[in-house]
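K.L.:
TSV, C-alpha atoms, file coords-v7.tsv:
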chain	number	residue	atom	x	y	z
A	1	MET	CA	38.82	277.57	67.42
A	2	LYS	CA	38.67	278.48	63.76
A	3	ARG	CA	36.58	276.27	61.48
A	4	ARG	CA	39.30	276.34	58.89
A	5	LEU	CA	41.67	274.56	61.22
A	6	LEU	CA	39.23	271.78	62.07
A	7	GLU	CA	40.25	269.58	59.19
A	8	ILE	CA	43.39	268.13	60.72
A	9	LEU	CA	41.97	267.65	64.21
A	10	ALA	CA	41.80	264.02	65.36
A	11	CYS	CA	40.95	262.14	68.54
A	12	PRO	CA	44.10	261.96	70.68
A	13	MET	CA	43.09	258.56	72.02
A	14	CYS	CA	41.88	256.51	69.04
A	15	LYS	CA	43.18	258.89	66.32
A	16	HIS	CA	39.84	258.87	64.54
A	17	HIS	CA	39.37	261.69	62.06
A	18	PRO	CA	37.39	263.80	61.31
A	19	LEU	CA	35.71	264.76	64.57
A	20	GLU	CA	32.12	265.91	64.71
A	21	LEU	CA	31.70	269.53	65.80
A	22	LYS	CA	28.79	271.11	67.60
A	23	VAL	CA	28.99	274.82	68.25
A	24	PHE	CA	27.31	276.47	71.27
A	25	ASP	CA	28.71	279.97	70.97
A	26	GLU	CA	30.44	281.52	68.00
A	27	LYS	CA	31.79	285.02	67.46
A	28	GLN	CA	34.81	285.57	65.21
A	29	GLU	CA	35.86	282.14	66.37
A	30	ILE	CA	34.11	279.20	67.98
A	31	GLU	CA	34.07	280.26	71.62
A	32	GLU	CA	32.37	277.20	73.14
A	33	GLY	CA	31.45	273.90	71.64
A	34	VAL	CA	32.16	270.22	71.67
A	35	LEU	CA	34.13	267.86	69.48
A	36	MET	CA	32.89	264.30	69.35
A	37	CYS	CA	34.69	261.19	68.25
A	38	GLU	CA	32.67	258.57	66.40
A	39	GLY	CA	35.50	256.14	66.76
A	40	CYS	CA	35.61	255.73	70.53
A	41	GLY	CA	32.73	257.83	71.89
A	42	ARG	CA	34.94	260.39	73.58
A	43	TRP	CA	34.04	264.08	73.62
A	44	TYR	CA	36.29	267.09	73.98
A	45	PRO	CA	35.14	270.52	75.12
A	46	ILE	CA	36.02	273.77	73.36
A	47	ILE	CA	36.34	276.35	76.11
A	48	GLU	CA	37.11	280.01	75.47
A	49	THR	CA	38.11	279.13	71.88
A	50	ILE	CA	40.58	276.41	72.91
A	51	PRO	CA	39.86	272.77	72.12
A	52	HIS	CA	40.79	270.71	75.17
A	53	MET	CA	42.17	267.55	73.61
A	54	LEU	CA	43.71	265.83	76.61
A	55	PRO	CA	44.01	262.08	77.09
A	56	ASP	CA	41.75	260.56	79.77
A	57	ASP	CA	44.32	260.56	82.56
A	58	LEU	CA	44.90	264.30	82.36
A	59	ARG	CA	41.22	265.24	82.35
A	60	GLU	CA	39.43	266.58	85.40
A	61	GLU	CA	36.15	264.81	86.13
A	62	ILE	CA	34.57	267.69	88.04
A	63	GLU	CA	35.38	270.30	85.40
A	64	ASP	CA	34.24	268.02	82.60
A	65	LYS	CA	30.95	267.29	84.31
A	66	ASP	CA	30.41	270.99	84.93
A	67	PHE	CA	30.84	271.56	81.22
A	68	LEU	CA	28.27	268.85	80.45
A	69	LYS	CA	25.81	270.43	82.88
A	70	LYS	CA	26.38	273.91	81.46
A	71	TRP	CA	25.52	272.81	77.90
A	72	LYS	CA	23.07	270.07	78.79
A	73	LYS	CA	20.36	271.47	76.52
A	74	GLU	CA	22.64	271.69	73.51
A	75	LEU	CA	24.60	268.47	73.86
A	76	PRO	CA	23.52	265.29	72.04
A	77	LYS	CA	21.95	262.70	74.35
A	78	ARG	CA	24.60	260.11	73.61
A	79	VAL	CA	27.29	262.41	75.02
A	80	LEU	CA	25.30	263.17	78.15
A	81	ALA	CA	24.43	259.53	78.75
A	82	LYS	CA	27.34	257.57	77.40
A	83	GLY	CA	30.12	260.00	76.52
A	84	LYS	CA	33.64	259.02	77.44
A	85	PRO	CA	35.53	259.44	79.67
A	86	PHE	CA	32.83	261.20	81.71
A	87	ASN	CA	29.07	261.56	81.35
A	88	LEU	CA	26.12	262.46	83.56
A	89	GLU	CA	24.46	259.06	83.79
A	90	GLU	CA	26.98	256.28	84.33
B	1	MET	CA	60.80	259.12	89.52
B	2	LYS	CA	57.54	257.71	88.26
B	3	ASP	CA	56.38	258.94	84.87
B	4	GLU	CA	53.06	260.14	86.23
B	5	ASN	CA	54.77	262.29	88.85
B	6	LEU	CA	57.10	263.65	86.27
B	7	ARG	CA	54.26	264.79	84.04
B	8	LYS	CA	52.50	266.42	86.95
B	9	ILE	CA	55.63	268.24	88.08
B	10	VAL	CA	56.30	269.56	84.59
B	11	ARG	CA	52.70	270.75	84.19
B	12	LYS	CA	52.69	272.46	87.55
B	13	LYS	CA	56.00	274.14	87.01
B	14	TYR	CA	55.10	275.57	83.62
B	15	SER	CA	51.69	276.72	84.75
B	16	LYS	CA	53.45	278.71	87.46
B	17	ILE	CA	55.86	280.22	84.95
B	18	ALA	CA	52.94	281.20	82.72
B	19	LYS	CA	51.24	282.99	85.59
B	20	GLU	CA	54.32	284.84	86.72
B	21	GLU	CA	54.99	286.15	83.22
B	22	SER	CA	58.67	285.61	83.52
B	23	SER	CA	60.85	282.66	83.12
B	24	CYS	CA	63.92	284.02	84.73
B	25	CYS	CA	64.61	282.26	87.97
B	26	GLY	CA	61.43	280.28	87.34
B	27	VAL	CA	63.62	277.79	85.59
B	28	GLN	CA	66.62	278.18	87.76
B	29	SER	CA	69.01	275.69	86.40
B	30	THR	CA	69.07	276.92	82.85
B	31	CYS	CA	68.40	280.53	83.37
B	32	GLU	CA	71.03	283.21	83.09
B	33	CYS	CA	69.49	285.53	85.61
B	34	GLY	CA	69.42	289.12	84.51
B	35	ASP	CA	68.83	288.34	80.87
B	36	THR	CA	65.41	289.30	79.56
B	37	PRO	CA	63.66	286.76	77.33
B	38	GLU	CA	64.55	289.03	74.38
B	39	ALA	CA	68.24	289.16	75.27
B	40	LYS	CA	68.30	285.42	75.72
B	41	SER	CA	66.56	284.85	72.41
B	42	LYS	CA	69.04	287.06	70.59
B	43	LYS	CA	71.86	284.96	72.00
B	44	ILE	CA	70.11	281.84	70.72
B	45	GLY	CA	70.00	283.26	67.21
B	46	TYR	CA	66.64	284.92	66.61
B	47	THR	CA	66.93	288.19	64.72
B	48	GLU	CA	65.88	291.57	66.06
B	49	GLU	CA	63.24	291.71	63.34
B	50	GLU	CA	61.76	288.38	64.39
B	51	LEU	CA	61.69	289.38	68.02
B	52	SER	CA	59.98	292.70	67.37
B	53	SER	CA	57.33	291.15	65.11
B	54	ILE	CA	55.78	289.09	67.89
B	55	PRO	CA	53.33	290.22	70.59
B	56	LYS	CA	55.03	291.09	73.83
B	57	GLY	CA	54.70	288.25	76.29
B	58	ALA	CA	54.79	285.49	73.70
B	59	ASN	CA	58.50	285.10	74.09
B	60	MET	CA	59.03	283.66	77.52
B	61	GLY	CA	62.67	282.89	77.01
B	62	LEU	CA	62.12	279.26	77.85
B	63	GLY	CA	63.35	277.63	74.68
B	64	CYS	CA	66.76	276.70	73.48
B	65	GLY	CA	65.90	278.27	70.15
B	66	ASN	CA	65.06	277.04	66.73
B	67	PRO	CA	65.57	279.82	64.21
B	68	VAL	CA	66.89	277.33	61.65
B	69	ALA	CA	63.62	275.42	61.53
B	70	LEU	CA	61.71	278.65	61.10
B	71	ALA	CA	63.94	279.73	58.25
B	72	SER	CA	63.09	276.54	56.34
B	73	LEU	CA	59.32	277.15	56.31
B	74	LYS	CA	57.59	277.79	53.00
B	75	GLU	CA	54.35	279.56	52.11
B	76	GLY	CA	51.31	277.41	52.54
B	77	GLU	CA	52.86	274.79	54.81
B	78	VAL	CA	51.08	273.18	57.75
B	79	VAL	CA	53.23	273.46	60.87
B	80	LEU	CA	52.79	271.68	64.18
B	81	ASP	CA	54.58	273.12	67.21
B	82	LEU	CA	55.03	270.60	70.04
B	83	GLY	CA	54.94	272.37	73.39
B	84	SER	CA	53.99	275.76	72.01
B	85	GLY	CA	54.06	277.60	75.37
B	86	GLY	CA	53.41	281.34	75.02
B	87	GLY	CA	53.29	280.91	71.26
B	88	PHE	CA	56.55	282.61	70.28
B	89	ASP	CA	57.73	280.12	67.65
B	90	ALA	CA	54.18	279.48	66.46
B	91	PHE	CA	53.72	283.18	65.68
B	92	LEU	CA	57.04	283.40	63.87
B	93	ALA	CA	56.09	280.28	61.91
B	94	ALA	CA	52.67	281.79	61.09
B	95	LYS	CA	54.36	284.79	59.47
B	96	ARG	CA	56.47	282.48	57.34
B	97	VAL	CA	53.72	280.18	56.07
B	98	GLY	CA	51.37	283.05	55.29
B	99	GLU	CA	47.59	283.06	55.07
B	100	HIS	CA	47.38	279.85	53.06
B	101	GLY	CA	49.42	277.96	55.59
B	102	LYS	CA	48.53	277.12	59.15
B	103	VAL	CA	50.23	276.60	62.45
B	104	ILE	CA	48.93	274.44	65.25
B	105	GLY	CA	50.45	274.66	68.69
B	106	VAL	CA	49.91	271.90	71.22
B	107	ASP	CA	50.65	272.41	74.90
B	108	MET	CA	49.46	270.58	77.99
B	109	THR	CA	49.53	273.57	80.35
B	110	PRO	CA	46.23	275.50	80.39
B	111	GLU	CA	47.86	278.66	81.69
B	112	MET	CA	50.38	278.64	78.85
B	113	LEU	CA	47.60	278.24	76.30
B	114	GLU	CA	45.70	281.07	77.88
B	115	LYS	CA	48.73	283.27	77.27
B	116	ALA	CA	49.19	282.05	73.74
B	117	ARG	CA	45.55	282.74	72.97
B	118	ALA	CA	45.77	286.27	74.34
B	119	ASN	CA	48.92	286.83	72.29
B	120	ALA	CA	47.25	285.51	69.15
B	121	LYS	CA	44.47	288.02	69.66
B	122	LYS	CA	46.92	290.87	70.20
B	123	GLY	CA	48.85	289.92	67.08
B	124	LYS	CA	45.64	289.35	65.04
B	125	PHE	CA	46.90	286.03	63.74
B	126	LYS	CA	44.37	284.21	61.57
B	127	ASN	CA	46.39	281.13	60.75
B	128	VAL	CA	47.50	280.02	64.23
B	129	GLU	CA	45.56	277.83	66.56
B	130	PHE	CA	46.33	276.36	69.95
B	131	ARG	CA	45.10	273.17	71.51
B	132	LEU	CA	45.29	271.83	74.98
B	133	GLY	CA	46.84	268.45	74.42
B	134	GLU	CA	49.69	266.16	75.10
B	135	ILE	CA	52.57	265.56	72.73
B	136	GLU	CA	52.44	261.84	73.56
B	137	ASN	CA	48.81	261.75	72.35
B	138	LEU	CA	48.58	264.28	69.56
B	139	PRO	CA	45.06	265.41	68.64
B	140	VAL	CA	46.10	265.55	65.00
B	141	ALA	CA	45.09	263.44	61.98
B	142	ASP	CA	47.49	261.01	60.28
B	143	ASN	CA	49.59	262.35	57.40
B	144	SER	CA	48.34	265.90	57.77
B	145	VAL	CA	51.38	268.00	58.68
B	146	ASP	CA	54.29	269.30	56.58
B	147	ILE	CA	56.68	270.15	59.36
B	148	ILE	CA	56.94	269.59	63.08
B	149	ILE	CA	58.88	272.09	65.11
B	150	SER	CA	59.63	271.84	68.79
B	151	ASN	CA	61.78	273.99	70.93
B	152	CYS	CA	63.29	272.50	74.05
B	153	VAL	CA	60.24	270.47	75.02
B	154	ILE	CA	60.61	266.81	74.13
B	155	ASN	CA	63.29	266.29	76.78
B	156	LEU	CA	60.59	266.94	79.38
B	157	SER	CA	58.53	263.99	78.19
B	158	PRO	CA	58.78	260.74	80.15
B	159	ASP	CA	57.99	258.82	76.96
B	160	LYS	CA	60.06	260.25	74.13
B	161	GLU	CA	59.65	257.16	71.99
B	162	ARG	CA	55.95	257.77	71.91
B	163	VAL	CA	56.41	261.45	71.10
B	164	PHE	CA	58.47	260.59	68.03
B	165	ASN	CA	56.07	257.82	67.00
B	166	GLU	CA	53.25	260.34	67.17
B	167	ALA	CA	55.28	262.91	65.25
B	168	HIS	CA	55.90	260.31	62.55
B	169	ARG	CA	52.22	259.40	62.39
B	170	VAL	CA	50.95	262.94	61.83
B	171	LEU	CA	53.56	263.97	59.26
B	172	ARG	CA	52.81	263.43	55.59
B	173	ASP	CA	55.32	261.39	53.58
B	174	GLY	CA	58.32	263.56	52.94
B	175	GLY	CA	57.36	265.84	55.84
B	176	ARG	CA	60.10	266.88	58.23
B	177	VAL	CA	60.84	267.31	61.90
B	178	MET	CA	63.10	270.19	62.90
B	179	ILE	CA	63.56	270.19	66.60
B	180	SER	CA	65.84	271.77	69.09
B	181	ASP	CA	66.33	270.08	72.40
B	182	ILE	CA	68.63	269.41	75.30
B	183	VAL	CA	70.61	266.18	75.28
B	184	LEU	CA	73.47	264.80	77.33
B	185	LEU	CA	76.88	263.73	76.11
B	186	GLU	CA	77.38	261.73	79.30
B	187	LYS	CA	75.14	260.41	82.05
B	188	LEU	CA	74.52	262.86	84.89
B	189	PRO	CA	74.84	261.76	88.50
B	190	ASP	CA	71.57	261.08	90.30
B	191	PHE	CA	71.72	264.12	92.53
B	192	LEU	CA	71.43	266.30	89.44
B	193	LYS	CA	69.08	264.01	87.62
B	194	ASN	CA	66.58	263.77	90.41
B	195	SER	CA	66.48	267.43	91.18
B	196	VAL	CA	63.06	268.63	90.16
B	197	GLU	CA	64.43	272.06	89.49
B	198	ALA	CA	66.92	270.61	87.11
B	199	LEU	CA	64.21	268.62	85.42
B	200	THR	CA	61.94	271.50	84.59
B	201	GLY	CA	64.93	273.45	83.44
B	202	CYS	CA	65.35	270.78	80.77
B	203	VAL	CA	68.23	268.87	82.27
B	204	ALA	CA	67.24	265.79	84.17
B	205	GLY	CA	64.66	264.62	81.63
B	206	ALA	CA	67.28	264.82	78.90
B	207	MET	CA	68.48	261.65	77.18
B	208	LEU	CA	71.92	260.72	76.00
B	209	LYS	CA	72.46	262.17	72.55
B	210	ASP	CA	72.96	258.81	70.84
B	211	ASP	CA	69.87	257.33	72.47
B	212	TYR	CA	67.86	260.37	71.47
B	213	ILE	CA	68.88	260.06	67.83
B	214	GLY	CA	68.28	256.29	68.06
B	215	THR	CA	64.72	256.96	69.25
B	216	ILE	CA	64.03	259.22	66.27
B	217	LYS	CA	65.42	256.58	63.92
B	218	LYS	CA	63.34	253.87	65.53
B	219	ALA	CA	60.20	255.92	64.98
B	220	GLY	CA	60.91	255.65	61.26
B	221	PHE	CA	62.58	258.93	60.36
B	222	LYS	CA	65.24	259.05	57.64
B	223	ASP	CA	68.12	261.39	56.91
B	224	ILE	CA	68.48	262.47	60.51
B	225	SER	CA	71.10	265.15	60.78
B	226	THR	CA	72.50	267.35	63.49
B	227	VAL	CA	72.12	270.91	62.27
B	228	SER	CA	74.03	272.35	65.19
B	229	GLU	CA	75.21	271.52	68.66
B	230	SER	CA	76.41	273.80	71.42
B	231	VAL	CA	77.04	273.64	75.15
B	232	TYR	CA	73.93	274.84	76.93
B	233	PRO	CA	74.42	277.97	79.04
B	234	ILE	CA	73.96	276.28	82.35
B	235	GLY	CA	76.07	278.61	84.44
B	236	SER	CA	73.52	279.04	87.17
B	237	LEU	CA	73.21	275.31	87.80
B	238	ILE	CA	75.73	275.76	90.53
B	239	SER	CA	73.53	278.24	92.37
B	240	ASP	CA	70.53	275.92	92.38
B	241	PRO	CA	69.82	275.31	96.09
B	242	LYS	CA	69.22	271.61	95.53
B	243	VAL	CA	72.50	271.26	93.67
B	244	LYS	CA	74.23	273.26	96.37
B	245	SER	CA	73.01	270.97	99.10
B	246	ALA	CA	73.98	267.93	97.03
B	247	ILE	CA	77.47	269.36	96.62
B	248	ARG	CA	77.73	269.46	100.42
B	249	LYS	CA	76.10	266.09	100.95
B	250	TYR	CA	78.11	264.12	98.41
B	251	LYS	CA	81.31	266.16	98.78
B	252	ILE	CA	81.54	266.99	95.11
B	253	SER	CA	83.66	269.88	93.98
B	254	ARG	CA	82.17	272.83	92.17
B	255	GLU	CA	84.61	272.03	89.40
B	256	GLN	CA	83.01	268.61	88.96
B	257	VAL	CA	79.57	270.19	88.72
B	258	ARG	CA	80.95	272.55	86.09
B	259	ASN	CA	82.32	269.61	84.13
B	260	TYR	CA	78.97	267.88	84.26
B	261	ALA	CA	77.36	271.05	83.03
B	262	LYS	CA	79.51	270.89	79.89
B	263	LYS	CA	77.94	267.54	79.07
B	264	VAL	CA	74.57	269.21	78.65
B	265	VAL	CA	74.21	270.35	75.06
B	266	SER	CA	71.59	272.11	73.04
B	267	ILE	CA	71.12	270.29	69.78
B	268	LYS	CA	69.19	271.02	66.61
B	269	LEU	CA	68.13	268.01	64.59
B	270	SER	CA	66.25	267.43	61.40
B	271	GLY	CA	64.73	264.29	59.94
B	272	ILE	CA	62.40	263.26	57.12
B	273	LYS	CA	59.43	260.90	57.10
Write the structure described by the file as structure tokens, please.

P.N.:
Amino acid sequence: MKRRLLEILACPMCKHHPLELKVFDEKQEIEEGVLMCEGCGRWYPIIETIPHMLPDDLREEIEDKDFLKKWKKELPKRVLAKGKPFNLEE
Amino acid sequence: MKDENLRKIVRKKYSKIAKEESSCCGVQSTCECGDTPEAKSKKIGYTEEELSSIPKGANMGLGCGNPVALASLKEGEVVLDLGSGGGFDAFLAAKRVGEHGKVIGVDMTPEMLEKARANAKKGKFKNVEFRLGEIENLPVADNSVDIIISNCVINLSPDKERVFNEAHRVLRDGGRVMISDIVLLEKLPDFLKNSVEALTGCVAGAMLKDDYIGTIKKAGFKDISTVSESVYPIGSLISDPKVKSAIRKYKISREQVRNYAKKVVSIKLSGIK
């Protein structure tokens, strides 16, 4: 993902905008990171430069949880504990 | 068919096409076997120059073509491509809008996005970006887009009303939709409609033309006009195994199937928010 294109990104569920970005790995582009929605508490992973902005029913719980585990140290607590649609505590 | 199933089938089918790197015979019912994606695209109306300017592999020959929409793009515009697939139209659009413009492609098939991303790298595009997302739930801010393009995708959606509502939401006032899609001039019989092959080849998910235009109107678009309309090249429908077996089962003549095929048209529409 390119930072320049972040401005028009919104939450696909509640349409909140702008989304909060946290970058884990950046080269020419953001390789891995997370986009967080203040509006509804959902989070969306950026994997191999692509923001995964799917609605809840198309998301894969196992893959999402693996992502949370992979970046556990970097992710804000609220995502790990209460992030929607999946988190590591509920 | 339940909507959920339909979405899953479409996703699965297109992920397979992305992996196989060829559309031909992947989408049996609409595919003129033997034609390369490039040959097919030339028939649809893309120029040689356009085709050669795009990374190889981006053109999967899956669309019904939307060169008119691309021709209308201006420098600096923000373009949203619904169902961007391998990225073909998105890359052409990126060339048109230049470095001050941007193009965002949304597709729900991870394998397609993977391809698009690889193609973007090959083509060194700085103003194109792809997102895994669903056109019924666009990950895009309100009033942020100048033009929405979409090439033979919306017919696959089980909830077209929602797609157009979303399109309307993200466009700025005065922004435009320029879409090409498959519509029907007459209802198709169930044996064609329910064939999964036919669906992913754009046919069974298609709406009646008047209903389709009505849906766009209902979403709030003005000045909706049909830019062009032509019979979709559906010659190989008759060789679809599912259609073949239906022909036997329901005792329908091949002639009848051919007549139905003429009711499937490729249409290019534009509208303003």

K.L.:
Here is a test: counting all atoms listed in the file, which residue of B:Ala141, B:Ile179, B:Leu6, B:Leu80 is nearest to His17 of chain A?

P.N.:
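Going through B:Ala141, B:Ile179, B:Leu6, B:Leu80 one by one, the smallest distance to His17 of chain A is for B:Ala141.
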
K.L.:
Quick one: distance from atom CA of Lys74 of chain B to atom CA of Glu50 of chain B in Å, one decimal?

P.N.:
16.1 Å

K.L.:
My list of candidates is B:Asp81, B:Asp181, B:Glu255, B:Asp89. Which is closest to Cys152 of chain B when distances are computed with all atoms listed in the file?

P.N.:
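Of B:Asp81, B:Asp181, B:Glu255, B:Asp89, the one nearest Cys152 of chain B is B:Asp181, counting all atoms listed in the file.
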
K.L.:
Using all atoms listed in the file, find which residues of chain B lie within 9 Å of chain A and jot them down as a list in words.

P.N.:
Lys102, Val103, Ile104, Met108, Pro110, Leu113, Glu114, Arg117, Lys126, Asn127, Val128, Glu129, Phe130, Arg131, Leu132, Gly133, Glu134, Glu136, Asn137, Leu138, Pro139, Val140, Ala141, Asp142, Ser144 and Val145 of chain B

K.L.:
Provide the atom CA of Lys27 of chain A to atom CA of Ala18 of chain B distance in Å, to one decimal place.

P.N.:
26.4 Å

K.L.:
Please report the interatomic distance between atom CA of Arg78 of chain A and atom CA of Glu61 of chain A in Å with one decimal.

P.N.:
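Taking atom CA of Arg78 of chain A and atom CA of Glu61 of chain A, their separation equals 17.7 Å.
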
K.L.:
Please identify all polymer residues within 12 Å of Lys70 of chain A, counting all atoms listed in the file, omitting same-chain residues fewer than 6 positions from it, and present them as a ChimeraX atom specification.

P.N.:
/A:24,32-34,45,47,63-64,80,88

K.L.:
Just the selected residues (C-alpha atoms), exported as a short mmCIF file (atom, residue, chain, number, x, y, z; two decimals), in the frame of the given file, please.

P.N.:
data_model
loop_
_atom_site.label_atom_id
_atom_site.label_comp_id
_atom_site.auth_asym_id
_atom_site.auth_seq_id
_atom_site.Cartn_x
_atom_site.Cartn_y
_atom_site.Cartn_z
CA PHE A 24 27.31 276.47 71.27
CA GLU A 32 32.37 277.20 73.14
CA GLY A 33 31.45 273.90 71.64
CA VAL A 34 32.16 270.22 71.67
CA PRO A 45 35.14 270.52 75.12
CA ILE A 47 36.34 276.35 76.11
CA GLU A 63 35.38 270.30 85.40
CA ASP A 64 34.24 268.02 82.60
CA LEU A 80 25.30 263.17 78.15
CA LEU A 88 26.12 262.46 83.56
#

K.L.:
Nearest residue to Arg59 of chain A out of B:Ser266, B:Ser230, B:Ser180, B:Thr109, using all atoms listed in the file?

P.N.:
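Answer, going by the shortest atom-to-atom distance: B:Thr109.
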
K.L.:
From the structure just shown, export segment 75-83 of chain B with all heavy atoms as a tab-separated table (two decimals), in the first residue's frame.

P.N.:
chain	number	residue	atom	x	y	z
B	75	GLU	N	-6.58	13.98	-16.79
B	75	GLU	CA	-5.42	14.07	-15.88
B	75	GLU	C	-5.89	14.42	-14.47
B	75	GLU	O	-6.72	15.30	-14.29
B	75	GLU	CB	-4.49	15.19	-16.36
B	75	GLU	CG	-3.67	14.80	-17.56
B	75	GLU	CD	-2.20	14.59	-17.21
B	75	GLU	OE1	-1.76	14.92	-16.08
B	75	GLU	OE2	-1.52	14.07	-18.07
B	76	GLY	N	-5.33	13.75	-13.51
B	76	GLY	CA	-5.58	14.11	-12.12
B	76	GLY	C	-6.83	13.49	-11.50
B	76	GLY	O	-7.07	13.67	-10.32
B	77	GLU	N	-7.58	12.74	-12.29
B	77	GLU	CA	-8.82	12.18	-11.73
B	77	GLU	C	-8.56	10.97	-10.82
B	77	GLU	O	-7.57	10.25	-10.98
B	77	GLU	CB	-9.78	11.79	-12.86
B	77	GLU	CG	-10.47	13.00	-13.46
B	77	GLU	CD	-11.62	12.64	-14.39
B	77	GLU	OE1	-11.46	11.77	-15.26
B	77	GLU	OE2	-12.70	13.24	-14.23
B	78	VAL	N	-9.50	10.78	-9.90
B	78	VAL	CA	-9.47	9.60	-9.02
B	78	VAL	C	-10.45	8.58	-9.59
B	78	VAL	O	-11.63	8.85	-9.74
B	78	VAL	CB	-9.87	9.97	-7.58
B	78	VAL	CG1	-9.91	8.73	-6.70
B	78	VAL	CG2	-8.92	11.01	-7.01
B	79	VAL	N	-9.92	7.41	-9.91
B	79	VAL	CA	-10.71	6.38	-10.58
B	79	VAL	C	-10.86	5.17	-9.67
B	79	VAL	O	-9.90	4.75	-9.02
B	79	VAL	CB	-10.01	5.91	-11.89
B	79	VAL	CG1	-10.85	4.89	-12.64
B	79	VAL	CG2	-9.68	7.09	-12.78
B	80	LEU	N	-12.04	4.63	-9.61
B	80	LEU	CA	-12.26	3.39	-8.86
B	80	LEU	C	-12.73	2.32	-9.83
B	80	LEU	O	-13.70	2.51	-10.57
B	80	LEU	CB	-13.33	3.64	-7.78
B	80	LEU	CG	-13.75	2.45	-6.93
B	80	LEU	CD1	-12.60	1.93	-6.07
B	80	LEU	CD2	-14.93	2.83	-6.02
B	81	ASP	N	-12.00	1.20	-9.85
B	81	ASP	CA	-12.35	0.09	-10.75
B	81	ASP	C	-12.98	-1.03	-9.93
B	81	ASP	O	-12.32	-1.65	-9.09
B	81	ASP	CB	-11.08	-0.40	-11.48
B	81	ASP	CG	-11.37	-1.47	-12.52
B	81	ASP	OD1	-12.56	-1.77	-12.77
B	81	ASP	OD2	-10.41	-2.01	-13.10
B	82	LEU	N	-14.25	-1.30	-10.17
B	82	LEU	CA	-14.95	-2.35	-9.43
B	82	LEU	C	-14.70	-3.70	-10.08
B	82	LEU	O	-15.04	-3.91	-11.24
B	82	LEU	CB	-16.46	-2.07	-9.41
B	82	LEU	CG	-16.93	-0.72	-8.87
B	82	LEU	CD1	-18.46	-0.64	-8.88
B	82	LEU	CD2	-16.40	-0.48	-7.47
B	83	GLY	N	-14.09	-4.60	-9.33
B	83	GLY	CA	-13.76	-5.92	-9.89
B	83	GLY	C	-12.57	-5.82	-10.82
B	83	GLY	O	-12.66	-6.10	-12.01
